[in-house]
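Q: What follows is start-v1.txt, compact mmCIF, C-alpha atoms.
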# COMPACT_ATOMS: atom_id res chain seq x y z
CA MET Y 1472 -35.42 -14.54 -2.49
CA ALA Y 1473 -33.17 -13.47 -5.36
CA GLU Y 1474 -30.10 -15.49 -6.24
CA VAL Y 1475 -26.75 -13.81 -5.97
CA LEU Y 1476 -24.35 -14.82 -8.70
CA ALA Y 1477 -20.91 -16.02 -7.65
CA ARG Y 1478 -19.29 -13.47 -9.97
CA THR Y 1479 -21.19 -10.66 -8.22
CA VAL Y 1480 -19.80 -11.78 -4.87
CA LEU Y 1481 -16.38 -12.08 -6.51
CA TRP Y 1482 -16.71 -8.50 -7.83
CA TYR Y 1483 -17.25 -7.17 -4.31
CA ILE Y 1484 -14.37 -9.22 -2.93
CA VAL Y 1485 -12.08 -7.98 -5.71
CA PHE Y 1486 -13.23 -4.39 -5.21
CA THR Y 1487 -12.49 -4.61 -1.48
CA GLY Y 1488 -9.19 -6.39 -2.09
CA PHE Y 1489 -7.95 -3.75 -4.50
CA ALA Y 1490 -9.15 -0.99 -2.18
CA VAL Y 1491 -6.98 -2.51 0.56
CA ASN Y 1492 -4.14 -2.89 -1.95
CA TYR Y 1493 -4.31 0.82 -2.84
CA MET Y 1494 -4.57 1.89 0.80
CA ILE Y 1495 -1.46 -0.05 1.74
CA ARG Y 1496 0.34 1.30 -1.32
CA ILE Y 1497 -0.25 4.94 -0.34
CA ASN Y 1498 -0.32 4.75 3.46
CA ALA Y 1499 3.31 5.88 3.76
CA ASN Y 1500 2.58 8.90 1.54
CA ILE Y 1501 -0.02 10.07 4.02
CA ALA Y 1502 1.67 9.00 7.26
CA ILE Y 1503 5.03 10.52 6.40
CA VAL Y 1504 3.53 14.00 6.79
CA SER Y 1505 3.10 13.50 10.53
CA MET Y 1506 6.18 11.29 10.93
CA ILE Y 1507 8.73 13.85 9.80
CA VAL Y 1508 9.94 16.73 11.91
CA PRO Y 1509 9.35 19.93 9.92
CA ALA Y 1510 12.37 21.38 8.11
CA VAL Y 1511 12.38 24.44 10.38
CA CYS Y 1512 12.85 22.20 13.40
CA ARG Y 1513 15.54 20.16 11.63
CA ARG Y 1514 17.59 23.30 11.04
CA ASN Y 1515 17.67 24.17 14.73
CA ARG Y 1516 17.20 21.14 16.97
CA ASN Y 1517 17.17 23.37 20.06
CA LEU Y 1518 13.77 24.68 19.05
CA THR Y 1519 10.79 22.57 19.90
CA CYS Y 1520 8.24 22.09 17.17
CA ALA Y 1521 5.66 23.49 19.53
CA ASP Y 1522 7.60 26.76 19.58
CA VAL Y 1523 7.92 26.81 15.82
CA LEU Y 1524 4.31 25.91 15.12
CA ASN Y 1525 2.97 28.19 17.84
CA ALA Y 1526 1.24 25.30 19.59
CA THR Y 1527 0.87 27.21 22.84
CA VAL Y 1528 -2.57 28.56 21.94
CA PRO Y 1529 -4.80 28.26 25.04
CA GLY Y 1530 -7.37 25.48 24.80
CA VAL Y 1531 -5.86 23.98 21.63
CA THR Y 1532 -4.03 20.69 21.72
CA ARG Y 1533 -1.84 20.19 18.68
CA PRO Y 1534 -1.19 16.69 17.37
CA ARG Y 1535 2.16 15.17 18.19
CA ILE Y 1536 4.74 16.04 15.56
CA GLY Y 1537 6.90 13.22 14.27
CA SER Y 1538 10.31 12.39 15.55
CA PHE Y 1539 12.10 11.46 12.34
CA TYR Y 1540 14.77 13.80 11.02
CA TRP Y 1541 14.73 12.48 7.47
CA ASN Y 1542 15.67 14.91 4.72
CA GLU Y 1543 13.77 15.16 1.45
CA TYR Y 1544 16.04 12.63 -0.30
CA GLU Y 1545 15.50 10.02 2.43
CA GLN Y 1546 11.75 10.66 2.37
CA SER Y 1547 11.65 10.17 -1.39
CA LEU Y 1548 13.52 6.87 -1.04
CA VAL Y 1549 10.98 5.66 1.51
CA LEU Y 1550 8.05 6.69 -0.68
CA GLY Y 1551 9.41 5.33 -3.95
CA SER Y 1552 10.85 2.07 -2.65
CA PHE Y 1553 7.47 0.31 -2.87
CA PHE Y 1554 7.65 0.44 -6.66
CA TRP Y 1555 11.30 -0.54 -7.19
CA LEU Y 1556 10.68 -4.29 -7.59
CA HIS Y 1557 6.89 -4.24 -7.84
CA TRP Y 1558 7.10 -4.91 -11.58
CA CYS Y 1559 9.29 -8.03 -11.13
CA THR Y 1560 6.42 -10.05 -9.70
CA GLN Y 1561 4.08 -9.70 -12.67
CA LEU Y 1562 5.25 -12.82 -14.52
CA PRO Y 1563 5.74 -14.99 -11.41
CA GLY Y 1564 2.33 -13.84 -10.16
CA GLY Y 1565 0.64 -15.12 -13.30
CA ILE Y 1566 2.50 -18.42 -13.15
CA LEU Y 1567 1.59 -18.91 -9.48
CA ALA Y 1568 -2.04 -18.00 -10.18
CA ARG Y 1569 -2.18 -20.59 -12.95
CA LYS Y 1570 -0.63 -23.23 -10.71
CA TYR Y 1571 -2.35 -22.52 -7.37
CA GLY Y 1572 -5.37 -20.42 -8.31
CA GLY Y 1573 -5.95 -16.69 -8.55
CA LYS Y 1574 -7.92 -16.36 -5.33
CA LEU Y 1575 -5.12 -17.83 -3.24
CA VAL Y 1576 -2.40 -15.71 -4.82
CA PHE Y 1577 -4.52 -12.54 -4.66
CA GLY Y 1578 -5.44 -13.18 -1.03
CA LEU Y 1579 -1.92 -14.02 0.10
CA SER Y 1580 -0.57 -10.98 -1.75
CA ASN Y 1581 -2.89 -8.64 0.13
CA LEU Y 1582 -2.38 -10.50 3.41
CA GLY Y 1583 1.40 -10.20 3.08
CA MET Y 1584 1.16 -6.48 2.37
CA GLY Y 1585 -1.20 -6.00 5.30
CA LEU Y 1586 0.96 -7.87 7.79
CA MET Y 1587 4.04 -5.97 6.69
CA SER Y 1588 2.21 -2.67 7.12
CA LEU Y 1589 1.73 -3.54 10.78
CA LEU Y 1590 5.53 -3.55 11.14
CA ILE Y 1591 6.01 -0.04 9.72
CA PRO Y 1592 5.86 1.82 13.09
CA TRP Y 1593 8.53 -0.40 14.69
CA VAL Y 1594 10.77 -0.62 11.64
CA SER Y 1595 10.64 3.16 11.17
CA HIS Y 1596 12.28 3.69 14.54
CA TRP Y 1597 15.26 1.49 13.69
CA ASP Y 1598 16.38 3.33 10.57
CA TYR Y 1599 14.89 4.69 7.40
CA LYS Y 1600 16.89 2.08 5.46
CA SER Y 1601 15.06 -0.75 7.21
CA LEU Y 1602 11.79 0.95 6.33
CA ILE Y 1603 12.92 1.05 2.71
CA VAL Y 1604 13.58 -2.70 2.80
CA LEU Y 1605 10.12 -3.30 4.28
CA ARG Y 1606 8.47 -1.14 1.61
CA VAL Y 1607 10.35 -3.01 -1.14
CA LEU Y 1608 9.07 -6.30 0.31
CA GLN Y 1609 5.55 -4.85 0.41
CA GLY Y 1610 5.87 -3.89 -3.24
CA ILE Y 1611 7.04 -7.36 -4.17
CA SER Y 1612 4.12 -8.90 -2.31
CA GLY Y 1613 1.61 -6.45 -3.80
CA GLY Y 1614 2.80 -7.10 -7.33
CA PHE Y 1615 1.33 -10.59 -7.30
CA ALA Y 1616 -2.23 -9.27 -6.99
CA TRP Y 1617 -2.64 -7.91 -10.51
CA PRO Y 1618 -1.70 -10.97 -12.57
CA ALA Y 1619 -3.59 -13.23 -10.17
CA MET Y 1620 -6.72 -11.20 -10.74
CA HIS Y 1621 -6.31 -11.30 -14.53
CA HIS Y 1622 -6.10 -15.09 -14.33
CA LEU Y 1623 -9.17 -15.23 -12.09
CA THR Y 1624 -11.14 -12.93 -14.41
CA ALA Y 1625 -10.29 -15.07 -17.43
CA HIS Y 1626 -11.65 -18.18 -15.71
CA TRP Y 1627 -14.68 -16.89 -13.81
CA ILE Y 1628 -16.13 -14.08 -15.88
CA PRO Y 1629 -17.81 -14.56 -19.28
CA PRO Y 1630 -16.12 -12.59 -22.10
CA ASN Y 1631 -19.07 -10.23 -22.57
CA GLU Y 1632 -18.97 -9.19 -18.87
CA ARG Y 1633 -15.22 -8.81 -18.39
CA GLY Y 1634 -15.12 -5.09 -19.13
CA LYS Y 1635 -17.72 -4.46 -16.47
CA PHE Y 1636 -15.98 -6.76 -14.00
CA VAL Y 1637 -12.57 -5.13 -14.48
CA SER Y 1638 -14.10 -1.92 -13.14
CA ALA Y 1639 -13.55 -3.53 -9.70
CA TYR Y 1640 -9.81 -3.14 -10.31
CA LEU Y 1641 -10.23 0.58 -10.73
CA GLY Y 1642 -12.55 1.17 -7.81
CA LYS Y 1643 -15.65 1.87 -9.88
CA PHE Y 1644 -19.13 0.56 -9.23
CA LEU Y 1645 -21.15 -1.70 -11.52
Is it possible to give me this structure as structure tokens?
A:
Amino acid sequence: MAEVLARTVLWYIVFTGFAVNYMIRINANIAIVSMIVPAVCRRNRNLTCADVLNATVPGVTRPRIGSFYWNEYEQSLVLGSFFWLHWCTQLPGGILARKYGGKLVFGLSNLGMGLMSLLIPWVSHWDYKSLIVLRVLQGISGGFAWPAMHHLTAHWIPPNERGKFVSAYLGKFL
């Protein structure tokens, strides 16, 4: 049986971790399409979206349209808030990775983002401002992943293989 190198296993873990990181980063961009009531419905709240979208076609069940009346400015705040303080965690992330280890910081970063993403449906119904706060916290948590991984790469991967290993960050295969 062939031996599997620890750095190969690490590559797959890192690839999966960054895939999760990217999915959490963009999930609001995709979900907001079905969360928001279309502009036509926002202009006249007496109309149902089913009327506007002609959802009364026999035999066709349309997906439920969102119930949030956020305008374009509010939507852009929700979508951009992830990145507002994301950059602030780069230096602390490297320091924490040096002190506690890159795997722990990388794992907790992704775990924090994932747990917060479970709160998005409930927080969204309170107010879009609370969703913005949650997305800022997700961005702060997600910012620790990058410097932690650089620290881990520097310690686990030989210099001549680092370029190949870093492809896991970008979602490319070996």
Q: If we count all atoms listed in the file, what is near Leu1623 of chain Y at a cut-off of 9 Å, once residues fewer than 5 positions away on the same chain are taken out, given as a list of chain:residue names?
A: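 Listing them by chain and then by number gives Y:Ala1568, Y:Arg1569, Y:Gly1572, Y:Gly1573, Y:Lys1574, Y:Pro1618, Y:Ile1628.
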Q: Leaving out Phe1539 of chain Y and any residue of its chain fewer than 4 positions from it, which residues lie within 9 Å of it when counting all atoms listed in the file, given as a PyMOL selection string?
A: chain Y and resi 1506-1508+1595-1596+1599
Q: Quick one, how far is atom CA of Ser1612 of chain Y from atom CA of Leu1586 of chain Y?
A: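 Distance reported for this atom pair: 10.6 Å.
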Q: Which is closer to Leu1605 of chain Y than all the others in Y:Leu1548, Y:Val1485, Y:Cys1559, Y:Leu1567, using only C-alpha atoms?
A: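 Closest residue, counting only C-alpha atoms: Y:Leu1548.
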Q: Let me make sure I understand: among Y:Arg1478, Y:His1557, Y:Lys1635, Y:His1622, which one has the smallest atom-to-atom distance to Arg1606 of chain Y if we use only C-alpha atoms?
A: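 Checking each of Y:Arg1478, Y:His1557, Y:Lys1635, Y:His1622 against Arg1606 of chain Y, counting only C-alpha atoms, the winner is Y:His1557.
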Q: Which residue out of Y:Gln1561, Y:Asn1500, Y:Gln1609, Y:Ser1538 has the minimum interatomic distance to Ser1580 of chain Y when all atoms listed in the file are used?
A: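 The closest residue to Ser1580 of chain Y is Y:Gln1609.
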Q: So what do you get for atom CA of Val1480 of chain Y versus atom CA of Leu1589 of chain Y, distance-wise?
A: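 Rounded to one decimal, the two atoms are 27.9 Å apart.
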Q: Enter the distance from atom CA of Leu1579 of chain Y to atom CA of Trp1617 of chain Y, in Å, rounded to one decimal.
A: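 For atom CA of Leu1579 of chain Y relative to atom CA of Trp1617 of chain Y, the distance reads 12.3 Å.
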Q: Could segment 1594-1628 of chain Y be written out with N, CA, C and O atoms, as an mmCIF file, in the first residue's frame, please?
A:
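Written file, decode.cif:
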data_model
loop_
_atom_site.group_PDB
_atom_site.id
_atom_site.type_symbol
_atom_site.label_atom_id
_atom_site.label_comp_id
_atom_site.auth_asym_id
_atom_site.auth_seq_id
_atom_site.Cartn_x
_atom_site.Cartn_y
_atom_site.Cartn_z
ATOM 1 N N VAL Y 1594 -31.411 36.310 11.982
ATOM 2 C CA VAL Y 1594 -30.972 37.695 12.126
ATOM 3 C C VAL Y 1594 -31.567 38.566 11.018
ATOM 4 O O VAL Y 1594 -31.903 39.723 11.248
ATOM 5 N N SER Y 1595 -31.731 38.018 9.841
ATOM 6 C CA SER Y 1595 -32.285 38.771 8.716
ATOM 7 C C SER Y 1595 -33.690 39.268 9.009
ATOM 8 O O SER Y 1595 -34.077 40.335 8.545
ATOM 9 N N HIS Y 1596 -34.448 38.506 9.771
ATOM 10 C CA HIS Y 1596 -35.827 38.898 10.064
ATOM 11 C C HIS Y 1596 -35.915 39.991 11.122
ATOM 12 O O HIS Y 1596 -36.948 40.640 11.246
ATOM 13 N N TRP Y 1597 -34.881 40.187 11.914
ATOM 14 C CA TRP Y 1597 -34.898 41.273 12.891
ATOM 15 C C TRP Y 1597 -34.805 42.610 12.175
ATOM 16 O O TRP Y 1597 -35.658 43.451 12.318
ATOM 17 N N ASP Y 1598 -33.682 42.782 11.439
ATOM 18 C CA ASP Y 1598 -33.433 44.046 10.767
ATOM 19 C C ASP Y 1598 -32.205 43.865 9.890
ATOM 20 O O ASP Y 1598 -31.317 43.072 10.218
ATOM 21 N N TYR Y 1599 -32.149 44.587 8.809
ATOM 22 C CA TYR Y 1599 -30.982 44.451 7.942
ATOM 23 C C TYR Y 1599 -29.712 44.935 8.642
ATOM 24 O O TYR Y 1599 -28.619 44.460 8.344
ATOM 25 N N LYS Y 1600 -29.847 45.839 9.620
ATOM 26 C CA LYS Y 1600 -28.676 46.331 10.349
ATOM 27 C C LYS Y 1600 -28.055 45.233 11.206
ATOM 28 O O LYS Y 1600 -26.835 45.152 11.338
ATOM 29 N N SER Y 1601 -28.875 44.385 11.781
ATOM 30 C CA SER Y 1601 -28.343 43.263 12.559
ATOM 31 C C SER Y 1601 -27.658 42.251 11.647
ATOM 32 O O SER Y 1601 -26.656 41.638 12.026
ATOM 33 N N LEU Y 1602 -28.168 42.108 10.433
ATOM 34 C CA LEU Y 1602 -27.501 41.241 9.467
ATOM 35 C C LEU Y 1602 -26.144 41.820 9.078
ATOM 36 O O LEU Y 1602 -25.165 41.086 8.913
ATOM 37 N N ILE Y 1603 -26.073 43.127 8.958
ATOM 38 C CA ILE Y 1603 -24.798 43.780 8.647
ATOM 39 C C ILE Y 1603 -23.790 43.505 9.761
ATOM 40 O O ILE Y 1603 -22.632 43.166 9.498
ATOM 41 N N VAL Y 1604 -24.214 43.615 11.005
ATOM 42 C CA VAL Y 1604 -23.312 43.338 12.133
ATOM 43 C C VAL Y 1604 -22.825 41.891 12.078
ATOM 44 O O VAL Y 1604 -21.630 41.620 12.268
ATOM 45 N N LEU Y 1605 -23.726 40.963 11.792
ATOM 46 C CA LEU Y 1605 -23.339 39.554 11.693
ATOM 47 C C LEU Y 1605 -22.344 39.330 10.565
ATOM 48 O O LEU Y 1605 -21.355 38.605 10.729
ATOM 49 N N ARG Y 1606 -22.575 39.967 9.423
ATOM 50 C CA ARG Y 1606 -21.648 39.813 8.288
ATOM 51 C C ARG Y 1606 -20.282 40.437 8.595
ATOM 52 O O ARG Y 1606 -19.262 39.924 8.176
ATOM 53 N N VAL Y 1607 -20.253 41.540 9.337
ATOM 54 C CA VAL Y 1607 -18.974 42.125 9.747
ATOM 55 C C VAL Y 1607 -18.231 41.145 10.641
ATOM 56 O O VAL Y 1607 -17.022 40.927 10.482
ATOM 57 N N LEU Y 1608 -18.944 40.531 11.588
ATOM 58 C CA LEU Y 1608 -18.319 39.543 12.473
ATOM 59 C C LEU Y 1608 -17.825 38.328 11.691
ATOM 60 O O LEU Y 1608 -16.766 37.772 11.994
ATOM 61 N N GLN Y 1609 -18.578 37.918 10.681
ATOM 62 C CA GLN Y 1609 -18.111 36.827 9.817
ATOM 63 C C GLN Y 1609 -16.831 37.223 9.101
ATOM 64 O O GLN Y 1609 -15.913 36.414 8.982
ATOM 65 N N GLY Y 1610 -16.771 38.430 8.613
ATOM 66 C CA GLY Y 1610 -15.573 38.899 7.923
ATOM 67 C C GLY Y 1610 -14.371 38.941 8.843
ATOM 68 O O GLY Y 1610 -13.258 38.572 8.453
ATOM 69 N N ILE Y 1611 -14.586 39.381 10.072
ATOM 70 C CA ILE Y 1611 -13.495 39.409 11.044
ATOM 71 C C ILE Y 1611 -13.006 37.987 11.300
ATOM 72 O O ILE Y 1611 -11.806 37.717 11.285
ATOM 73 N N SER Y 1612 -13.928 37.076 11.507
ATOM 74 C CA SER Y 1612 -13.556 35.681 11.753
ATOM 75 C C SER Y 1612 -12.842 35.069 10.542
ATOM 76 O O SER Y 1612 -11.837 34.376 10.685
ATOM 77 N N GLY Y 1613 -13.339 35.344 9.357
ATOM 78 C CA GLY Y 1613 -12.752 34.778 8.143
ATOM 79 C C GLY Y 1613 -11.386 35.334 7.813
ATOM 80 O O GLY Y 1613 -10.582 34.684 7.143
ATOM 81 N N GLY Y 1614 -11.087 36.524 8.300
ATOM 82 C CA GLY Y 1614 -9.795 37.136 8.012
ATOM 83 C C GLY Y 1614 -8.620 36.433 8.666
ATOM 84 O O GLY Y 1614 -7.480 36.584 8.232
ATOM 85 N N PHE Y 1615 -8.879 35.662 9.690
ATOM 86 C CA PHE Y 1615 -7.801 34.943 10.365
ATOM 87 C C PHE Y 1615 -7.286 33.751 9.557
ATOM 88 O O PHE Y 1615 -6.192 33.257 9.806
ATOM 89 N N ALA Y 1616 -8.063 33.270 8.606
ATOM 90 C CA ALA Y 1616 -7.702 32.060 7.867
ATOM 91 C C ALA Y 1616 -6.459 32.249 7.000
ATOM 92 O O ALA Y 1616 -5.591 31.369 6.949
ATOM 93 N N TRP Y 1617 -6.371 33.361 6.311
ATOM 94 C CA TRP Y 1617 -5.255 33.555 5.377
ATOM 95 C C TRP Y 1617 -3.893 33.600 6.050
ATOM 96 O O TRP Y 1617 -2.988 32.856 5.662
ATOM 97 N N PRO Y 1618 -3.677 34.439 7.057
ATOM 98 C CA PRO Y 1618 -2.357 34.449 7.679
ATOM 99 C C PRO Y 1618 -2.041 33.145 8.405
ATOM 100 O O PRO Y 1618 -0.877 32.739 8.460
ATOM 101 N N ALA Y 1619 -3.061 32.484 8.943
ATOM 102 C CA ALA Y 1619 -2.824 31.204 9.601
ATOM 103 C C ALA Y 1619 -2.303 30.181 8.598
ATOM 104 O O ALA Y 1619 -1.400 29.395 8.900
ATOM 105 N N MET Y 1620 -2.859 30.216 7.406
ATOM 106 C CA MET Y 1620 -2.421 29.255 6.394
ATOM 107 C C MET Y 1620 -1.025 29.567 5.889
ATOM 108 O O MET Y 1620 -0.245 28.664 5.600
ATOM 109 N N HIS Y 1621 -0.666 30.842 5.791
ATOM 110 C CA HIS Y 1621 0.699 31.193 5.389
ATOM 111 C C HIS Y 1621 1.700 30.676 6.422
ATOM 112 O O HIS Y 1621 2.764 30.157 6.058
ATOM 113 N N HIS Y 1622 1.369 30.801 7.688
ATOM 114 C CA HIS Y 1622 2.234 30.297 8.753
ATOM 115 C C HIS Y 1622 2.360 28.773 8.662
ATOM 116 O O HIS Y 1622 3.457 28.221 8.779
ATOM 117 N N LEU Y 1623 1.254 28.112 8.444
ATOM 118 C CA LEU Y 1623 1.250 26.654 8.331
ATOM 119 C C LEU Y 1623 2.068 26.192 7.128
ATOM 120 O O LEU Y 1623 2.844 25.231 7.219
ATOM 121 N N THR Y 1624 1.917 26.876 6.015
ATOM 122 C CA THR Y 1624 2.672 26.530 4.803
ATOM 123 C C THR Y 1624 4.172 26.681 5.032
ATOM 124 O O THR Y 1624 4.962 25.838 4.620
ATOM 125 N N ALA Y 1625 4.556 27.745 5.707
ATOM 126 C CA ALA Y 1625 5.980 27.989 5.963
ATOM 127 C C ALA Y 1625 6.596 26.899 6.838
ATOM 128 O O ALA Y 1625 7.795 26.617 6.713
ATOM 129 N N HIS Y 1626 5.799 26.273 7.691
ATOM 130 C CA HIS Y 1626 6.343 25.267 8.600
ATOM 131 C C HIS Y 1626 6.215 23.834 8.094
ATOM 132 O O HIS Y 1626 7.010 22.984 8.462
ATOM 133 N N TRP Y 1627 5.227 23.540 7.285
ATOM 134 C CA TRP Y 1627 4.969 22.164 6.880
ATOM 135 C C TRP Y 1627 5.429 21.824 5.465
ATOM 136 O O TRP Y 1627 5.613 20.656 5.155
ATOM 137 N N ILE Y 1628 5.553 22.791 4.629
ATOM 138 C CA ILE Y 1628 5.809 22.521 3.211
ATOM 139 C C ILE Y 1628 7.239 22.927 2.855
ATOM 140 O O ILE Y 1628 7.640 24.060 3.139
#
